[in-house]
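The file work.txt comes next; it holds compact mmCIF, C-alpha atoms.
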# COMPACT_ATOMS: atom_id res chain seq x y z
CA MET A 1 -26.40 -27.56 -11.50
CA LEU A 2 -24.53 -29.37 -8.73
CA SER A 3 -21.55 -27.06 -9.16
CA ARG A 4 -23.78 -24.07 -8.47
CA LEU A 5 -25.26 -25.80 -5.46
CA PHE A 6 -21.87 -26.48 -3.86
CA ALA A 7 -20.12 -23.33 -5.04
CA PRO A 8 -19.04 -20.97 -2.28
CA LYS A 9 -21.55 -18.19 -1.69
CA VAL A 10 -18.95 -15.68 -0.56
CA LYS A 11 -15.34 -15.34 -1.64
CA VAL A 12 -12.98 -13.84 0.90
CA SER A 13 -9.31 -12.98 1.10
CA ALA A 14 -7.10 -12.05 4.01
CA HIS A 15 -3.67 -10.73 4.88
CA CYS A 16 -2.84 -14.24 6.03
CA ASP A 17 -4.71 -17.42 6.95
CA LEU A 18 -4.00 -16.89 10.63
CA PRO A 19 -4.18 -13.38 12.13
CA CYS A 20 -0.54 -12.99 13.06
CA GLY A 21 -0.82 -9.55 14.61
CA VAL A 22 2.37 -8.46 12.83
CA TYR A 23 1.74 -5.17 11.08
CA ASP A 24 4.20 -2.46 10.11
CA PRO A 25 3.95 0.42 7.63
CA ALA A 26 7.57 -0.32 6.74
CA GLN A 27 6.29 -2.92 4.28
CA ALA A 28 4.41 -0.24 2.35
CA ARG A 29 7.30 2.21 2.65
CA ILE A 30 9.82 -0.23 1.20
CA GLU A 31 7.59 -0.94 -1.79
CA ALA A 32 6.97 2.80 -2.30
CA GLU A 33 10.71 3.47 -2.10
CA SER A 34 11.13 0.92 -4.88
CA VAL A 35 8.51 2.73 -6.95
CA LYS A 36 10.33 6.05 -6.63
CA ALA A 37 13.74 4.50 -7.32
CA ILE A 38 12.38 2.79 -10.43
CA GLN A 39 10.86 6.07 -11.62
CA GLU A 40 14.27 7.72 -11.28
CA LYS A 41 16.05 4.87 -13.08
CA TYR A 42 13.41 4.87 -15.82
CA LEU A 43 14.10 8.53 -16.57
CA ALA A 44 17.85 7.92 -16.62
CA ASN A 45 17.69 5.11 -19.19
CA ASP A 46 16.57 5.38 -22.82
CA ASP A 47 16.54 1.64 -23.59
CA PRO A 48 12.94 0.72 -24.47
CA HIS A 49 13.33 -2.84 -23.14
CA TYR A 50 14.67 -1.57 -19.84
CA ARG A 51 11.85 0.95 -19.61
CA ALA A 52 9.22 -1.70 -20.32
CA ARG A 53 10.63 -3.93 -17.59
CA ALA A 54 10.90 -0.99 -15.19
CA THR A 55 7.28 -0.04 -15.84
CA THR A 56 6.06 -3.55 -15.09
CA ILE A 57 8.06 -3.79 -11.86
CA LYS A 58 7.03 -0.28 -10.76
CA GLU A 59 3.37 -1.14 -11.24
CA GLN A 60 3.76 -4.38 -9.26
CA ARG A 61 5.52 -2.58 -6.40
CA ALA A 62 2.86 0.13 -6.29
CA GLU A 63 0.17 -2.55 -6.02
CA LEU A 64 2.08 -4.23 -3.19
CA ALA A 65 2.35 -0.90 -1.36
CA LYS A 66 -1.38 -0.35 -1.81
CA HIS A 67 -2.02 -3.82 -0.45
CA HIS A 68 0.05 -3.17 2.67
CA VAL A 69 -1.68 0.16 3.33
CA SER A 70 -5.08 -1.47 2.82
CA VAL A 71 -4.21 -4.25 5.27
CA LEU A 72 -3.26 -1.69 7.91
CA TRP A 73 -6.52 0.17 7.34
CA SER A 74 -8.77 -2.88 7.35
CA ASP A 75 -7.00 -5.23 9.78
CA TYR A 76 -4.86 -3.20 12.15
CA PHE A 77 -6.60 0.13 12.74
CA LYS A 78 -9.68 -0.21 14.94
CA PRO A 79 -12.53 2.20 15.86
CA PRO A 80 -10.61 3.71 18.80
CA HIS A 81 -7.78 4.62 16.40
CA PHE A 82 -10.21 6.29 14.01
CA GLU A 83 -11.76 8.20 16.91
CA LYS A 84 -8.38 9.45 18.13
CA TYR A 85 -7.15 10.18 14.57
CA PRO A 86 -10.23 11.31 12.62
CA GLU A 87 -8.01 12.20 9.64
CA LEU A 88 -6.92 8.56 9.28
CA HIS A 89 -9.64 7.51 6.81
CA GLN A 90 -8.83 10.43 4.51
CA LEU A 91 -5.09 9.86 4.94
CA VAL A 92 -5.38 6.23 3.89
CA ASN A 93 -7.55 7.23 0.92
CA ASP A 94 -5.05 9.91 -0.11
CA THR A 95 -2.20 7.41 0.24
CA LEU A 96 -3.91 4.83 -1.94
CA LYS A 97 -4.65 7.47 -4.58
CA ALA A 98 -1.04 8.70 -4.45
CA LEU A 99 0.18 5.14 -4.95
CA SER A 100 -2.18 4.77 -7.92
CA ALA A 101 -0.77 8.00 -9.37
CA ALA A 102 2.78 6.75 -8.85
CA LYS A 103 1.86 3.45 -10.47
CA ALA A 104 0.71 5.31 -13.57
CA SER A 105 3.56 7.82 -13.69
CA THR A 106 7.29 7.97 -14.33
CA ASP A 107 7.60 11.21 -12.34
CA PRO A 108 9.50 10.57 -9.08
CA ALA A 109 7.50 13.39 -7.47
CA THR A 110 4.48 11.06 -7.47
CA GLY A 111 6.55 8.39 -5.75
CA GLN A 112 7.70 10.94 -3.18
CA GLN A 113 4.11 12.04 -2.54
CA ALA A 114 3.16 8.44 -1.76
CA LEU A 115 6.16 8.15 0.57
CA ASP A 116 5.13 11.35 2.35
CA TYR A 117 1.64 9.97 2.99
CA ILE A 118 3.02 6.64 4.16
CA ALA A 119 5.26 8.53 6.61
CA GLN A 120 2.13 10.12 8.11
CA ILE A 121 0.49 6.72 8.47
CA ASP A 122 3.70 5.41 10.03
CA LYS A 123 3.66 8.20 12.62
CA ILE A 124 0.07 7.44 13.62
CA PHE A 125 0.73 3.69 13.61
CA TRP A 126 3.61 3.99 16.07
CA GLU A 127 1.62 6.35 18.28
CA THR A 128 -1.09 3.68 18.50
CA LYS A 129 1.50 1.09 19.47
CA LYS A 130 2.56 3.23 22.47
CA ALA A 131 -0.99 3.36 23.82
Is it possible to express this structure as structure tokens?
Amino acid sequence: MLSRLFAPKVKVSAHCDLPCGVYDPAQARIEAESVKAIQEKYLANDDPHYRARATTIKEQRAELAKHHVSVLWSDYFKPPHFEKYPELHQLVNDTLKALSAAKASTDPATGQQALDYIAQIDKIFWETKKA
């Protein structure tokens, strides 16, 4: 009963404990590049142990890329950015879905699709930094 009384009412998580203000789509791009490279290496290797390890690492990297994109969307981009770039919400959604597809696939085309979306986010991100 006491544990319920003193238990936190809301659980939260954040990019970091202190808003550092350091954001860059390069973090997502690097992880997505790893996903695509692993997909290519997976297809080039028939060893089941190698493939199992590659699958695990690819899935982890895809999740990290999704995390970095989500942090940009939730922490960096602000209402003025969404007003200037009304496609940004859909672009982020498409990027996250592409990363999920790449996570579940060994086809490097899915990794490339995620990279293409991240490149679009990168372009918008750097345009907002100029303003």
Go through stretch 43-72 of chain A residue by residue and, counting only C-alpha atoms, keep those with an atom at most 9 Å from stretch 82-101 of chain A; for each kept residue give the shortest atom pair and its distance in Å to one decimal, ordered by chain and increasing number, as a tab-separated table.
residue	atom	partner	partner_atom	distance
A:Glu59	CA	A:Ser100	CA	8.8
A:Ala62	CA	A:Leu99	CA	5.8
A:Glu63	CA	A:Leu99	CA	7.8
A:Ala65	CA	A:Leu99	CA	7.4
A:Lys66	CA	A:Leu96	CA	5.8
A:His67	CA	A:Leu96	CA	9.0
A:Val69	CA	A:Val92	CA	7.1
A:Ser70	CA	A:Val92	CA	7.8
Just need the box for stretch 91-103 of chain A, edges along x, y and z, holding every atom the file lists for it with 5 Å tacked onto each side, so centre and edge lengths in Å to one decimal, as AutoDock Vina command-line options.
--center_x -2.4 --center_y 6.7 --center_z -2.8 --size_x 20.3 --size_y 16.5 --size_z 25.4
Please, what distance in Å, to one decimal, runs between atom CA of A:Leu64 and atom CA of A:Trp126?
21.0 Å
Can you list, as a ChimeraX atom specification, every protein, DNA or RNA residue that comes within 12 Å of A:Ala119 when you count all atoms listed in the file, leaving out same-chain residues fewer than 6 positions away?
/A:24-30,32-33,69,91-92,95,112-113,125-126
Closest to A:Val71 among A:Thr128, A:Gln120, A:Gly21, A:Lys58, using only C-alpha atoms?
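Result for the nearest residue to A:Val71: A:Gly21.
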So the first atom is atom CA of A:Ser34 and the second is atom CA of A:Trp73; what is the distance between them in Å, to one decimal place?
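Spanning atom CA of A:Ser34 to atom CA of A:Trp73 is a straight-line distance of 21.5 Å.
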Shell of 8 Å around A:Ala102, only C-alpha atoms, local chain residues under 3 positions omitted, as a list in words:
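Skipping anything fewer than 3 positions along the chain leaves Val35, Lys36, Ala62, Ala98, Leu99, Ser105, Thr106, Asp107, Pro108, Thr110, Gly111 and Ala114 of chain A.
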Atom CA of A:Glu127 to atom CA of A:Tyr76, straight-line distance in Å:
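Going from atom CA of A:Tyr76 over to atom CA of A:Glu127 covers 13.1 Å.
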Kindly indicate which residue among A:Ala104, A:Val22, A:Ile121, A:Leu72 lies nearest to A:Gln39, using all atoms listed in the file for the distances.
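Closest to A:Gln39 of all the choices is A:Ala104.
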With all atoms listed in the file as the basis for distance, which of A:Thr55, A:Glu31, A:Ser74, A:Gln60 is at the shortest distance from A:Ile118?
A:Glu31
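Distance annotation: of A:Lys78, A:Ala52, A:Ala44, A:His68, the residue with the minimal separation from A:Asp122 is A:His68; atom set is all atoms listed in the file.
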Nearest candidate to A:His81 (options A:Lys130, A:Tyr23, A:Ile124, A:Pro48; using all atoms listed in the file)
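That would be A:Ile124, the residue with the smallest distance to A:His81.
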